[in-house]
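The file data.pdb contains PDB, C-alpha atoms:
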ATOM      1  CA  MET J   1     109.864 182.622 179.491
ATOM      2  CA  THR J   2     109.431 183.947 175.979
ATOM      3  CA  ALA J   3     112.586 182.679 174.256
ATOM      4  CA  LEU J   4     113.163 185.998 172.495
ATOM      5  CA  ARG J   5     111.231 189.205 172.801
ATOM      6  CA  PRO J   6     112.040 191.674 170.020
ATOM      7  CA  SER J   7     110.670 195.143 170.598
ATOM      8  CA  ALA J   8     107.874 196.211 168.267
ATOM      9  CA  GLU J   9     110.302 198.593 166.549
ATOM     10  CA  VAL J  10     112.927 195.894 165.940
ATOM     11  CA  ALA J  11     110.340 193.321 164.843
ATOM     12  CA  ASP J  12     108.887 195.757 162.330
ATOM     13  CA  ALA J  13     112.309 196.694 160.954
ATOM     14  CA  LEU J  14     113.286 193.044 160.515
ATOM     15  CA  ALA J  15     109.953 192.177 158.888
ATOM     16  CA  THR J  16     110.237 195.017 156.385
ATOM     17  CA  GLY J  17     113.945 194.607 155.623
ATOM     18  CA  ARG J  18     115.132 197.851 157.209
ATOM     19  CA  PRO J  19     118.611 198.029 158.748
ATOM     20  CA  VAL J  20     119.087 196.982 162.373
ATOM     21  CA  VAL J  21     122.242 197.053 164.527
ATOM     22  CA  ALA J  22     122.620 195.140 167.784
ATOM     23  CA  LEU J  23     124.256 196.810 170.798
ATOM     24  CA  GLU J  24     125.532 195.038 173.888
ATOM     25  CA  SER J  25     124.436 195.993 177.396
ATOM     26  CA  THR J  26     127.528 194.965 179.380
ATOM     27  CA  ILE J  27     129.435 198.014 178.149
ATOM     28  CA  ILE J  28     126.678 200.105 179.737
ATOM     29  CA  SER J  29     126.200 198.204 182.994
ATOM     30  CA  HIS J  30     129.807 197.171 183.688
ATOM     31  CA  GLY J  31     132.068 199.127 181.348
ATOM     32  CA  LEU J  32     131.213 202.755 182.021
ATOM     33  CA  PRO J  33     130.693 204.770 185.227
ATOM     34  CA  ARG J  34     127.346 206.234 186.202
ATOM     35  CA  PRO J  35     125.773 208.501 184.990
ATOM     36  CA  ARG J  36     127.977 208.533 181.870
ATOM     37  CA  ASN J  37     126.771 205.042 181.022
ATOM     38  CA  LEU J  38     123.129 206.098 180.601
ATOM     39  CA  GLU J  39     124.171 209.074 178.487
ATOM     40  CA  ALA J  40     126.309 206.790 176.320
ATOM     41  CA  ALA J  41     123.548 204.186 175.879
ATOM     42  CA  ARG J  42     121.159 206.847 174.650
ATOM     43  CA  GLU J  43     123.835 208.408 172.456
ATOM     44  CA  PHE J  44     124.714 205.094 170.745
ATOM     45  CA  GLU J  45     121.036 204.549 169.924
ATOM     46  CA  ALA J  46     120.686 208.142 168.695
ATOM     47  CA  ILE J  47     123.662 207.717 166.324
ATOM     48  CA  LEU J  48     121.882 204.762 164.732
ATOM     49  CA  ARG J  49     118.504 206.474 164.506
ATOM     50  CA  ASP J  50     120.097 209.545 162.906
ATOM     51  CA  ALA J  51     121.549 207.184 160.268
ATOM     52  CA  GLY J  52     118.142 205.645 159.576
ATOM     53  CA  VAL J  53     119.021 202.422 161.437
ATOM     54  CA  THR J  54     116.984 200.739 164.167
ATOM     55  CA  PRO J  55     118.959 200.129 167.374
ATOM     56  CA  ALA J  56     118.570 196.753 169.067
ATOM     57  CA  THR J  57     120.175 197.067 172.489
ATOM     58  CA  ILE J  58     120.108 193.554 173.957
ATOM     59  CA  ALA J  59     119.715 192.448 177.586
ATOM     60  CA  VAL J  60     117.885 189.888 179.696
ATOM     61  CA  LEU J  61     115.264 191.547 181.885
ATOM     62  CA  ASP J  62     113.047 189.592 184.261
ATOM     63  CA  GLY J  63     113.873 186.335 182.485
ATOM     64  CA  GLU J  64     113.154 187.634 178.982
ATOM     65  CA  ALA J  65     115.784 188.065 176.286
ATOM     66  CA  ARG J  66     114.986 191.553 175.020
ATOM     67  CA  ILE J  67     116.060 192.428 171.484
ATOM     68  CA  GLY J  68     115.661 196.179 171.584
ATOM     69  CA  LEU J  69     114.853 198.156 174.716
ATOM     70  CA  ASP J  70     112.496 201.002 175.482
ATOM     71  CA  ASP J  71     113.804 203.954 177.486
ATOM     72  CA  GLU J  72     112.892 202.259 180.769
ATOM     73  CA  GLY J  73     114.867 199.186 179.748
ATOM     74  CA  VAL J  74     117.873 201.340 178.856
ATOM     75  CA  ARG J  75     117.589 203.059 182.231
ATOM     76  CA  ARG J  76     117.522 199.696 184.006
ATOM     77  CA  ILE J  77     120.710 198.395 182.417
ATOM     78  CA  ALA J  78     122.447 201.662 183.312
ATOM     79  CA  GLU J  79     121.228 202.010 186.903
ATOM     80  CA  GLU J  80     120.439 198.540 188.293
ATOM     81  CA  GLU J  81     123.004 196.059 189.581
ATOM     82  CA  LEU J  82     122.767 193.378 186.891
ATOM     83  CA  ALA J  83     124.592 190.101 186.425
ATOM     84  CA  LYS J  84     127.144 189.962 183.628
ATOM     85  CA  ALA J  85     125.554 187.367 181.359
ATOM     86  CA  SER J  86     127.409 185.284 178.797
ATOM     87  CA  VAL J  87     125.783 182.561 176.690
ATOM     88  CA  ARG J  88     126.078 179.949 179.450
ATOM     89  CA  ASP J  89     124.145 182.191 181.852
ATOM     90  CA  LEU J  90     121.113 182.737 179.608
ATOM     91  CA  PRO J  91     119.139 179.582 180.552
ATOM     92  CA  ILE J  92     119.764 180.186 184.256
ATOM     93  CA  LEU J  93     118.460 183.747 184.073
ATOM     94  CA  ALA J  94     115.507 182.549 182.018
ATOM     95  CA  ALA J  95     114.570 179.818 184.484
ATOM     96  CA  ARG J  96     114.857 182.111 187.488
ATOM     97  CA  GLY J  97     113.282 185.197 185.932
ATOM     98  CA  GLY J  98     116.542 187.054 186.462
ATOM     99  CA  SER J  99     118.113 190.020 184.742
ATOM    100  CA  GLY J 100     121.535 190.383 183.179
ATOM    101  CA  ALA J 101     123.565 192.604 180.908
ATOM    102  CA  THR J 102     124.729 190.629 177.895
ATOM    103  CA  THR J 103     128.384 190.261 176.977
ATOM    104  CA  VAL J 104     129.635 190.322 173.390
ATOM    105  CA  ALA J 105     129.119 186.537 173.203
ATOM    106  CA  ALA J 106     125.558 186.575 174.555
ATOM    107  CA  THR J 107     124.621 189.639 172.506
ATOM    108  CA  ALA J 108     125.904 188.046 169.292
ATOM    109  CA  TRP J 109     124.141 184.760 170.076
ATOM    110  CA  LEU J 110     120.797 186.448 170.801
ATOM    111  CA  ALA J 111     121.121 188.835 167.846
ATOM    112  CA  ALA J 112     121.664 185.920 165.479
ATOM    113  CA  ALA J 113     118.703 184.046 166.948
ATOM    114  CA  ALA J 114     116.501 187.099 166.329
ATOM    115  CA  GLY J 115     117.778 187.646 162.772
ATOM    116  CA  VAL J 116     119.924 190.726 163.460
ATOM    117  CA  ARG J 117     123.081 190.407 161.383
ATOM    118  CA  VAL J 118     125.219 193.429 162.360
ATOM    119  CA  PHE J 119     126.513 194.253 165.836
ATOM    120  CA  ALA J 120     128.604 197.179 167.127
ATOM    121  CA  THR J 121     130.747 196.886 170.236
ATOM    122  CA  GLY J 122     133.846 198.490 171.711
ATOM    123  CA  GLY J 123     136.336 195.648 171.756
ATOM    124  CA  LEU J 124     136.203 191.865 171.608
ATOM    125  CA  GLY J 125     137.216 189.593 174.423
ATOM    126  CA  GLY J 126     140.114 187.309 173.651
ATOM    127  CA  VAL J 127     142.857 185.089 174.996
ATOM    128  CA  HIS J 128     144.152 186.372 178.319
ATOM    129  CA  ARG J 129     147.801 187.096 178.857
ATOM    130  CA  GLY J 130     149.310 184.305 180.886
ATOM    131  CA  ALA J 131     147.013 181.676 179.365
ATOM    132  CA  ALA J 132     150.115 179.860 178.171
ATOM    133  CA  GLY J 133     151.670 180.044 181.599
ATOM    134  CA  ASP J 134     153.829 183.172 181.337
ATOM    135  CA  PRO J 135     155.120 183.785 184.873
ATOM    136  CA  ALA J 136     155.705 187.463 184.052
ATOM    137  CA  ILE J 137     151.943 188.024 183.809
ATOM    138  CA  PRO J 138     149.700 188.115 186.917
ATOM    139  CA  GLY J 139     148.419 184.579 187.393
ATOM    140  CA  GLY J 140     150.418 183.310 184.413
ATOM    141  CA  ALA J 141     152.290 180.521 186.112
ATOM    142  CA  ALA J 142     149.147 179.323 187.872
ATOM    143  CA  GLN J 143     147.332 179.164 184.542
ATOM    144  CA  ALA J 144     149.942 177.071 182.769
ATOM    145  CA  ALA J 145     147.677 174.050 182.469
ATOM    146  CA  THR J 146     144.653 176.046 181.284
ATOM    147  CA  PHE J 147     143.640 178.041 178.237
ATOM    148  CA  ASP J 148     141.931 181.170 179.492
ATOM    149  CA  GLU J 149     139.910 182.811 176.747
ATOM    150  CA  SER J 150     136.702 184.753 176.418
ATOM    151  CA  ALA J 151     133.513 183.010 175.292
ATOM    152  CA  ASP J 152     133.337 185.716 172.622
ATOM    153  CA  LEU J 153     135.723 183.724 170.417
ATOM    154  CA  PRO J 154     134.015 180.306 170.200
ATOM    155  CA  THR J 155     130.624 182.011 169.957
ATOM    156  CA  LEU J 156     131.834 183.952 166.912
ATOM    157  CA  GLY J 157     132.693 180.638 165.318
ATOM    158  CA  GLU J 158     129.015 179.644 165.528
ATOM    159  CA  VAL J 159     126.844 182.712 164.820
ATOM    160  CA  PRO J 160     126.587 184.553 161.468
ATOM    161  CA  VAL J 161     126.833 188.052 162.920
ATOM    162  CA  THR J 162     129.180 190.743 161.633
ATOM    163  CA  ILE J 163     130.809 192.517 164.579
ATOM    164  CA  VAL J 164     132.418 195.936 164.282
ATOM    165  CA  SER J 165     135.099 196.215 166.953
ATOM    166  CA  ALA J 166     138.264 198.197 167.686
ATOM    167  CA  GLY J 167     140.159 194.923 167.879
ATOM    168  CA  VAL J 168     140.754 193.614 171.399
ATOM    169  CA  LYS J 169     141.996 195.386 174.492
ATOM    170  CA  SER J 170     145.773 195.608 174.740
ATOM    171  CA  VAL J 171     145.672 193.910 178.165
ATOM    172  CA  LEU J 172     144.963 190.662 176.277
ATOM    173  CA  ASP J 173     147.220 188.387 174.239
ATOM    174  CA  ILE J 174     146.460 189.761 170.789
ATOM    175  CA  GLY J 175     148.572 187.296 168.821
ATOM    176  CA  ALA J 176     146.961 184.302 170.506
ATOM    177  CA  THR J 177     143.517 185.851 170.006
ATOM    178  CA  LEU J 178     144.086 186.190 166.263
ATOM    179  CA  GLU J 179     145.349 182.602 166.124
ATOM    180  CA  ARG J 180     142.189 181.393 167.846
ATOM    181  CA  LEU J 181     139.970 183.335 165.434
ATOM    182  CA  GLU J 182     141.835 181.684 162.555
ATOM    183  CA  THR J 183     141.375 178.238 164.112
ATOM    184  CA  LEU J 184     137.645 178.954 164.520
ATOM    185  CA  SER J 185     137.424 180.026 160.839
ATOM    186  CA  VAL J 186     136.230 183.521 161.741
ATOM    187  CA  PRO J 187     137.131 186.007 158.969
ATOM    188  CA  VAL J 188     138.820 189.169 160.238
ATOM    189  CA  VAL J 189     139.011 192.185 157.932
ATOM    190  CA  GLY J 190     140.495 195.589 158.614
ATOM    191  CA  TRP J 191     138.295 198.610 158.002
ATOM    192  CA  ARG J 192     140.464 200.556 155.526
ATOM    193  CA  THR J 193     143.613 199.144 157.120
ATOM    194  CA  HIS J 194     145.788 196.026 157.225
ATOM    195  CA  ALA J 195     146.794 196.761 160.837
ATOM    196  CA  PHE J 196     144.850 194.980 163.570
ATOM    197  CA  PRO J 197     143.961 197.591 166.201
ATOM    198  CA  ALA J 198     144.449 197.221 169.949
ATOM    199  CA  PHE J 199     141.438 199.100 171.301
ATOM    200  CA  TRP J 200     143.072 202.314 172.572
ATOM    201  CA  LEU J 201     145.797 202.036 169.919
ATOM    202  CA  ARG J 202     145.335 202.090 166.146
ATOM    203  CA  GLU J 203     147.975 199.399 165.617
ATOM    204  CA  SER J 204     148.758 196.305 167.683
ATOM    205  CA  GLY J 205     151.798 195.224 165.680
ATOM    206  CA  PHE J 206     149.836 192.412 163.992
ATOM    207  CA  GLU J 207     148.939 192.603 160.315
ATOM    208  CA  LEU J 208     145.734 191.326 158.721
ATOM    209  CA  ASP J 209     145.552 189.489 155.408
ATOM    210  CA  TRP J 210     142.423 191.316 154.305
ATOM    211  CA  ARG J 211     141.050 194.844 154.362
ATOM    212  CA  VAL J 212     137.799 196.374 153.178
ATOM    213  CA  GLU J 213     137.231 199.875 151.882
ATOM    214  CA  GLY J 214     133.529 200.353 152.521
ATOM    215  CA  PRO J 215     130.210 198.936 153.716
ATOM    216  CA  GLU J 216     129.139 197.399 150.415
ATOM    217  CA  GLU J 217     132.260 195.260 150.390
ATOM    218  CA  VAL J 218     131.443 193.941 153.868
ATOM    219  CA  ALA J 219     127.857 193.213 152.821
ATOM    220  CA  GLU J 220     129.122 191.247 149.818
ATOM    221  CA  ILE J 221     131.368 189.170 152.087
ATOM    222  CA  MET J 222     128.356 188.496 154.320
ATOM    223  CA  ARG J 223     126.301 187.327 151.337
ATOM    224  CA  ALA J 224     129.133 185.130 150.077
ATOM    225  CA  ARG J 225     129.514 183.625 153.551
ATOM    226  CA  ASP J 226     125.817 182.734 153.568
ATOM    227  CA  ALA J 227     125.953 181.292 150.061
ATOM    228  CA  LEU J 228     128.852 179.053 151.092
ATOM    229  CA  GLY J 229     126.899 177.771 154.074
ATOM    230  CA  SER J 230     129.279 179.114 156.709
ATOM    231  CA  ARG J 231     127.829 179.885 160.139
ATOM    232  CA  ALA J 232     130.820 181.819 161.457
ATOM    233  CA  GLY J 233     130.686 185.495 162.275
ATOM    234  CA  ILE J 234     132.826 188.180 160.665
ATOM    235  CA  VAL J 235     135.018 190.623 162.580
ATOM    236  CA  VAL J 236     135.424 194.090 161.100
ATOM    237  CA  ALA J 237     138.438 195.578 162.885
ATOM    238  CA  ASN J 238     137.889 199.326 162.972
ATOM    239  CA  PRO J 239     140.718 201.416 164.468
ATOM    240  CA  VAL J 240     139.947 204.341 166.741
ATOM    241  CA  PRO J 241     140.221 207.591 164.713
ATOM    242  CA  GLU J 242     143.815 208.785 164.568
ATOM    243  CA  HIS J 243     143.215 212.069 166.388
ATOM    244  CA  GLN J 244     141.519 210.195 169.243
ATOM    245  CA  ALA J 245     144.010 207.345 169.715
ATOM    246  CA  TRP J 246     146.169 207.087 172.837
ATOM    247  CA  GLU J 247     149.815 208.103 172.583
ATOM    248  CA  ARG J 248     151.720 204.811 172.646
ATOM    249  CA  ALA J 249     154.415 205.764 175.169
ATOM    250  CA  GLU J 250     151.841 206.868 177.737
ATOM    251  CA  HIS J 251     149.699 203.810 177.000
ATOM    252  CA  ASP J 252     152.636 201.454 177.539
ATOM    253  CA  ARG J 253     153.641 203.152 180.792
ATOM    254  CA  VAL J 254     150.122 203.014 182.223
ATOM    255  CA  LEU J 255     149.689 199.386 181.132
ATOM    256  CA  ALA J 256     152.947 198.343 182.815
ATOM    257  CA  GLU J 257     151.938 200.093 186.032
ATOM    258  CA  ALA J 258     148.516 198.425 185.955
ATOM    259  CA  PHE J 259     150.039 194.955 185.554
ATOM    260  CA  ALA J 260     152.439 195.685 188.418
ATOM    261  CA  ALA J 261     149.528 196.785 190.607
ATOM    262  CA  ALA J 262     147.621 193.578 189.810
ATOM    263  CA  GLU J 263     150.642 191.489 190.739
ATOM    264  CA  ALA J 264     151.159 193.409 193.987
ATOM    265  CA  ALA J 265     147.485 193.003 194.891
ATOM    266  CA  GLY J 266     147.580 189.277 194.187
ATOM    267  CA  VAL J 267     144.730 189.481 191.679
ATOM    268  CA  ARG J 268     144.165 186.199 189.857
ATOM    269  CA  GLY J 269     141.931 184.502 187.297
ATOM    270  CA  LYS J 270     138.871 186.240 185.887
ATOM    271  CA  ALA J 271     139.348 189.188 188.276
ATOM    272  CA  VAL J 272     142.548 190.276 186.482
ATOM    273  CA  THR J 273     141.022 192.025 183.453
ATOM    274  CA  PRO J 274     138.376 194.065 185.382
ATOM    275  CA  PHE J 275     141.070 195.068 187.872
ATOM    276  CA  LEU J 276     143.415 196.136 185.077
ATOM    277  CA  LEU J 277     140.780 198.161 183.247
ATOM    278  CA  GLY J 278     139.692 199.982 186.399
ATOM    279  CA  THR J 279     143.302 200.695 187.335
ATOM    280  CA  ILE J 280     144.055 201.951 183.827
ATOM    281  CA  VAL J 281     141.202 204.464 184.060
ATOM    282  CA  GLU J 282     142.617 205.753 187.345
ATOM    283  CA  LEU J 283     146.239 205.865 186.224
ATOM    284  CA  SER J 284     145.342 207.611 182.957
ATOM    285  CA  GLY J 285     143.247 210.260 184.677
ATOM    286  CA  GLY J 286     140.204 209.123 182.717
ATOM    287  CA  ARG J 287     141.953 209.305 179.337
ATOM    288  CA  SER J 288     141.352 205.606 178.612
ATOM    289  CA  LEU J 289     137.638 206.037 179.335
ATOM    290  CA  GLU J 290     137.276 208.902 176.881
ATOM    291  CA  ILE J 291     139.024 206.912 174.145
ATOM    292  CA  ASN J 292     136.723 203.981 174.952
ATOM    293  CA  LEU J 293     133.701 206.188 174.269
ATOM    294  CA  ASP J 294     135.237 207.652 171.104
ATOM    295  CA  LEU J 295     135.985 204.264 169.563
ATOM    296  CA  ALA J 296     132.554 202.899 170.534
ATOM    297  CA  ARG J 297     130.850 205.810 168.780
ATOM    298  CA  ASN J 298     133.033 205.226 165.733
ATOM    299  CA  ASN J 299     132.144 201.525 165.669
ATOM    300  CA  VAL J 300     128.420 202.308 165.902
ATOM    301  CA  ARG J 301     128.694 204.636 162.900
ATOM    302  CA  VAL J 302     130.512 202.043 160.791
ATOM    303  CA  ALA J 303     128.032 199.337 161.829
ATOM    304  CA  ALA J 304     125.191 201.606 160.697
ATOM    305  CA  GLU J 305     126.779 201.872 157.246
ATOM    306  CA  ILE J 306     127.236 198.102 156.993
ATOM    307  CA  ALA J 307     123.684 197.343 158.158
ATOM    308  CA  THR J 308     122.322 199.789 155.598
ATOM    309  CA  ALA J 309     124.341 198.159 152.808
ATOM    310  CA  TRP J 310     123.209 194.704 153.982
ATOM    311  CA  ALA J 311     119.551 195.768 154.010
ATOM    312  CA  ARG J 312     119.801 197.162 150.478
ATOM    313  CA  GLY J 313     120.805 193.757 149.140
ATOM    314  CA  ALA J 314     118.516 191.626 151.300
TER     315      ALA J 314
END
Could you render the structure from this file as structure tokens?
Amino acid sequence: MTALRPSAEVADALATGRPVVALESTIISHGLPRPRNLEAAREFEAILRDAGVTPATIAVLDGEARIGLDDEGVRRIAEEELAKASVRDLPILAARGGSGATTVAATAWLAAAAGVRVFATGGLGGVHRGAAGDPAIPGGAAQAATFDESADLPTLGEVPVTIVSAGVKSVLDIGATLERLETLSVPVVGWRTHAFPAFWLRESGFELDWRVEGPEEVAEIMRARDALGSRAGIVVANPVPEHQAWERAEHDRVLAEAFAAAEAAGVRGKAVTPFLLGTIVELSGGRSLEINLDLARNNVRVAAEIATAWARGA
């Protein structure tokens, strides 16, 4: 296997110092229904191109870590049944010539290895509710002796990639997630806000110490991080636009019903979050899905601005 295979377009942009933004493939293969997922993948890339930024959608195809996909590659991640690949899965796929859609963790890890420094996603993974053994949460009591968190968090502590995200999904334990990011020395800054967003909601109830007002400020933080020798990523928490955010009362009602459905169905462990997200789409009549797309588009636009500011100073 070729360890990394940047597309010709991405390789040329990196070699000439033009802005590049990484995009994950799991949101396309596992996060959106067909055929909306293919439309969204092409739209995210088009937003970047229209801003003068090279898109680098990342996936593992036939054992190769692709940094940037052609249209056939984009079609494959949208239409084929692919494994959901985190960092731990990459060597297995490579050895077996397999294919997988990369999670936030794997996308960040591969982007950093290829020299791509800015990454746009929808929302980060985090610490799962019930990880501390809360019996009120599906699987909580059974998880009392474990600490159930996404690989996104420790990976961010190790790769110098700036990730634009609408916080973390409100089905997760947001307070514990922020504590873990602090422990891992990952800077978190609010994009023109001190409020940490909760994916569908603009405010989670948790305040951030730092905010930034524009892309140049983020680029300066990135340069200072490099000068200090830090290898940690940076999280830019970008709330969904106000007119597109979910109304909190409806959000809370749907979330409570989804947790009750998971408990009634006996869903446990890593199956809880996918079950909840699918149930939330159904219970909201598709409203949650539309907000998901809106916030992803918004994150791609902000990432394009940051990548452009980074490239200007490189």
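Considering the residues J:Val127, J:Ala232, J:Ile291, J:Ala309 and counting only C-alpha atoms, J:Pro160 has its shortest atom-to-atom contact with J:Ala232.
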List the residues matched by the PyMOL selection byres ((chain J and resi 53) around 8) in the displayed structure as a PyMOL selection string, ordered by chain and then by residue number.
chain J and resi 18-21+48-52+54-55+304+307-308
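In this model, the gap between atom CA of J:Asn299 and atom CA of J:Arg42 comes to 15.2 Å.
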Which of J:Asp173, J:Glu179, J:Glu250, J:Glu45 sits closest to J:Thr273 [using all atoms listed in the file]:
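The closest residue to J:Thr273 is J:Asp173.
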Atom CA of J:Thr103 and atom CA of J:Val87 are how many Å apart?
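Result for atom CA of J:Thr103 versus atom CA of J:Val87: 8.1 Å, one decimal.
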Reference answer for the PyMOL selection byres ((chain J and resi 40) around 12), as a PDB file with C-alpha atoms, keeping the file's coordinate frame:
ATOM      1  CA  LEU J  23     124.256 196.810 170.798  1.00  0.00           C
ATOM      2  CA  SER J  25     124.436 195.993 177.396  1.00  0.00           C
ATOM      3  CA  ILE J  27     129.435 198.014 178.149  1.00  0.00           C
ATOM      4  CA  ILE J  28     126.678 200.105 179.737  1.00  0.00           C
ATOM      5  CA  SER J  29     126.200 198.204 182.994  1.00  0.00           C
ATOM      6  CA  GLY J  31     132.068 199.127 181.348  1.00  0.00           C
ATOM      7  CA  LEU J  32     131.213 202.755 182.021  1.00  0.00           C
ATOM      8  CA  PRO J  33     130.693 204.770 185.227  1.00  0.00           C
ATOM      9  CA  ARG J  34     127.346 206.234 186.202  1.00  0.00           C
ATOM     10  CA  PRO J  35     125.773 208.501 184.990  1.00  0.00           C
ATOM     11  CA  ARG J  36     127.977 208.533 181.870  1.00  0.00           C
ATOM     12  CA  ASN J  37     126.771 205.042 181.022  1.00  0.00           C
ATOM     13  CA  LEU J  38     123.129 206.098 180.601  1.00  0.00           C
ATOM     14  CA  GLU J  39     124.171 209.074 178.487  1.00  0.00           C
ATOM     15  CA  ALA J  41     123.548 204.186 175.879  1.00  0.00           C
ATOM     16  CA  ARG J  42     121.159 206.847 174.650  1.00  0.00           C
ATOM     17  CA  GLU J  43     123.835 208.408 172.456  1.00  0.00           C
ATOM     18  CA  PHE J  44     124.714 205.094 170.745  1.00  0.00           C
ATOM     19  CA  GLU J  45     121.036 204.549 169.924  1.00  0.00           C
ATOM     20  CA  ALA J  46     120.686 208.142 168.695  1.00  0.00           C
ATOM     21  CA  ILE J  47     123.662 207.717 166.324  1.00  0.00           C
ATOM     22  CA  VAL J  74     117.873 201.340 178.856  1.00  0.00           C
ATOM     23  CA  ARG J  75     117.589 203.059 182.231  1.00  0.00           C
ATOM     24  CA  ILE J  77     120.710 198.395 182.417  1.00  0.00           C
ATOM     25  CA  ALA J  78     122.447 201.662 183.312  1.00  0.00           C
ATOM     26  CA  LEU J 289     137.638 206.037 179.335  1.00  0.00           C
ATOM     27  CA  GLU J 290     137.276 208.902 176.881  1.00  0.00           C
ATOM     28  CA  ASN J 292     136.723 203.981 174.952  1.00  0.00           C
ATOM     29  CA  LEU J 293     133.701 206.188 174.269  1.00  0.00           C
ATOM     30  CA  ASP J 294     135.237 207.652 171.104  1.00  0.00           C
ATOM     31  CA  ALA J 296     132.554 202.899 170.534  1.00  0.00           C
ATOM     32  CA  ARG J 297     130.850 205.810 168.780  1.00  0.00           C
ATOM     33  CA  VAL J 300     128.420 202.308 165.902  1.00  0.00           C
TER      34      VAL J 300
END
Let me know the residues the PyMOL selection byres ((chain J and resi 67-73) around 7) catches in the file above, as a VMD selection string.
chain J and resid 5 to 7 10 55 to 58 65 to 66 74 to 77
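With distances taken over all atoms listed in the file, J:Ala198 is the one residue among J:Leu110, J:Ala8, J:Ala198, J:Val116 lying closest to J:Val240.
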Counting all atoms listed in the file, which of J:Ala195, J:Trp310, J:Arg248, J:Ala237 gets nearest to J:Ala224?
J:Trp310
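In terms of minimum interatomic distance to J:Ala11, J:Gly115 ranks closest within J:Gly285, J:Pro239, J:Gly100, J:Gly115, counting all atoms listed in the file.
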Atom CA of J:Leu153 to atom CA of J:Gly205: how many Å, to one decimal?
20.3 Å
Pick out the residues sitting within 7 Å of stretch 279-281 of chain J, and hand them over as a list in words; count only C-alpha atoms, and ignore anything fewer than 6 positions along from it in its own chain.
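Counting only the stated atoms, we get Val254, Leu255, Ala258, Arg287, Ser288 and Leu289 of chain J.
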Skipping near chain neighbours, those fewer than 3 positions away, what residues fall within 12 Å of J:Gly175 using only C-alpha atoms, listed as a list in words?
Gly126, Val127, His128, Arg129, Gly167, Val168, Lys169, Ser170, Val171, Leu172, Leu178, Glu179, Arg180, Leu181, Glu182, Phe196, Pro197, Ala198, Ser204, Gly205, Phe206, Glu207 and Leu208 of chain J
For the residues selected in the previous step, produce a file with C-alpha atoms as a tab-separated table (two decimals), in the coordinates of the input.
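Output file again.tsv follows:
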chain	number	residue	atom	x	y	z
J	126	GLY	CA	140.11	187.31	173.65
J	127	VAL	CA	142.86	185.09	175.00
J	128	HIS	CA	144.15	186.37	178.32
J	129	ARG	CA	147.80	187.10	178.86
J	167	GLY	CA	140.16	194.92	167.88
J	168	VAL	CA	140.75	193.61	171.40
J	169	LYS	CA	142.00	195.39	174.49
J	170	SER	CA	145.77	195.61	174.74
J	171	VAL	CA	145.67	193.91	178.16
J	172	LEU	CA	144.96	190.66	176.28
J	178	LEU	CA	144.09	186.19	166.26
J	179	GLU	CA	145.35	182.60	166.12
J	180	ARG	CA	142.19	181.39	167.85
J	181	LEU	CA	139.97	183.34	165.43
J	182	GLU	CA	141.84	181.68	162.56
J	196	PHE	CA	144.85	194.98	163.57
J	197	PRO	CA	143.96	197.59	166.20
J	198	ALA	CA	144.45	197.22	169.95
J	204	SER	CA	148.76	196.30	167.68
J	205	GLY	CA	151.80	195.22	165.68
J	206	PHE	CA	149.84	192.41	163.99
J	207	GLU	CA	148.94	192.60	160.32
J	208	LEU	CA	145.73	191.33	158.72
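The smallest atom-to-atom distance between J:Val235 and any of J:Ala106, J:Ala112, J:Val188, J:Val267, using all atoms listed in the file, is found for J:Val188.
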Which residues are near J:Phe119? Cut-off 7 Å, only C-alpha atoms, ignore same chain within fewer than 3 positions. Put them as a PyMOL selection string.
chain J and resi 21-23+161-164+303
Mind writing stretch 109-118 of chain J to a file for me, with N, CA and C atoms, as a PDB file, in the first residue's frame?
ATOM      1  N   TRP J 109      -6.032  12.614  11.449  1.00  0.00           N
ATOM      2  CA  TRP J 109      -4.727  11.949  11.487  1.00  0.00           C
ATOM      3  C   TRP J 109      -4.111  11.897  10.093  1.00  0.00           C
ATOM      4  N   LEU J 110      -4.900  11.522   9.095  1.00  0.00           N
ATOM      5  CA  LEU J 110      -4.394  11.436   7.721  1.00  0.00           C
ATOM      6  C   LEU J 110      -4.133  12.821   7.142  1.00  0.00           C
ATOM      7  N   ALA J 111      -4.990  13.788   7.456  1.00  0.00           N
ATOM      8  CA  ALA J 111      -4.767  15.155   6.968  1.00  0.00           C
ATOM      9  C   ALA J 111      -3.444  15.682   7.481  1.00  0.00           C
ATOM     10  N   ALA J 112      -3.191  15.500   8.772  1.00  0.00           N
ATOM     11  CA  ALA J 112      -1.931  15.978   9.350  1.00  0.00           C
ATOM     12  C   ALA J 112      -0.738  15.300   8.702  1.00  0.00           C
ATOM     13  N   ALA J 113      -0.846  13.993   8.465  1.00  0.00           N
ATOM     14  CA  ALA J 113       0.258  13.264   7.841  1.00  0.00           C
ATOM     15  C   ALA J 113       0.551  13.782   6.438  1.00  0.00           C
ATOM     16  N   ALA J 114      -0.488  14.269   5.752  1.00  0.00           N
ATOM     17  CA  ALA J 114      -0.315  14.767   4.382  1.00  0.00           C
ATOM     18  C   ALA J 114       0.070  16.244   4.347  1.00  0.00           C
ATOM     19  N   GLY J 115      -0.008  16.936   5.502  1.00  0.00           N
ATOM     20  CA  GLY J 115       0.336  18.352   5.525  1.00  0.00           C
ATOM     21  C   GLY J 115      -0.843  19.282   5.373  1.00  0.00           C
ATOM     22  N   VAL J 116      -2.071  18.748   5.481  1.00  0.00           N
ATOM     23  CA  VAL J 116      -3.274  19.588   5.430  1.00  0.00           C
ATOM     24  C   VAL J 116      -3.574  20.044   6.849  1.00  0.00           C
ATOM     25  N   ARG J 117      -3.726  21.334   7.051  1.00  0.00           N
ATOM     26  CA  ARG J 117      -3.782  21.863   8.421  1.00  0.00           C
ATOM     27  C   ARG J 117      -5.166  22.336   8.866  1.00  0.00           C
ATOM     28  N   VAL J 118      -6.141  22.357   7.969  1.00  0.00           N
ATOM     29  CA  VAL J 118      -7.487  22.821   8.320  1.00  0.00           C
ATOM     30  C   VAL J 118      -8.495  21.776   7.868  1.00  0.00           C
TER      31      VAL J 118
END
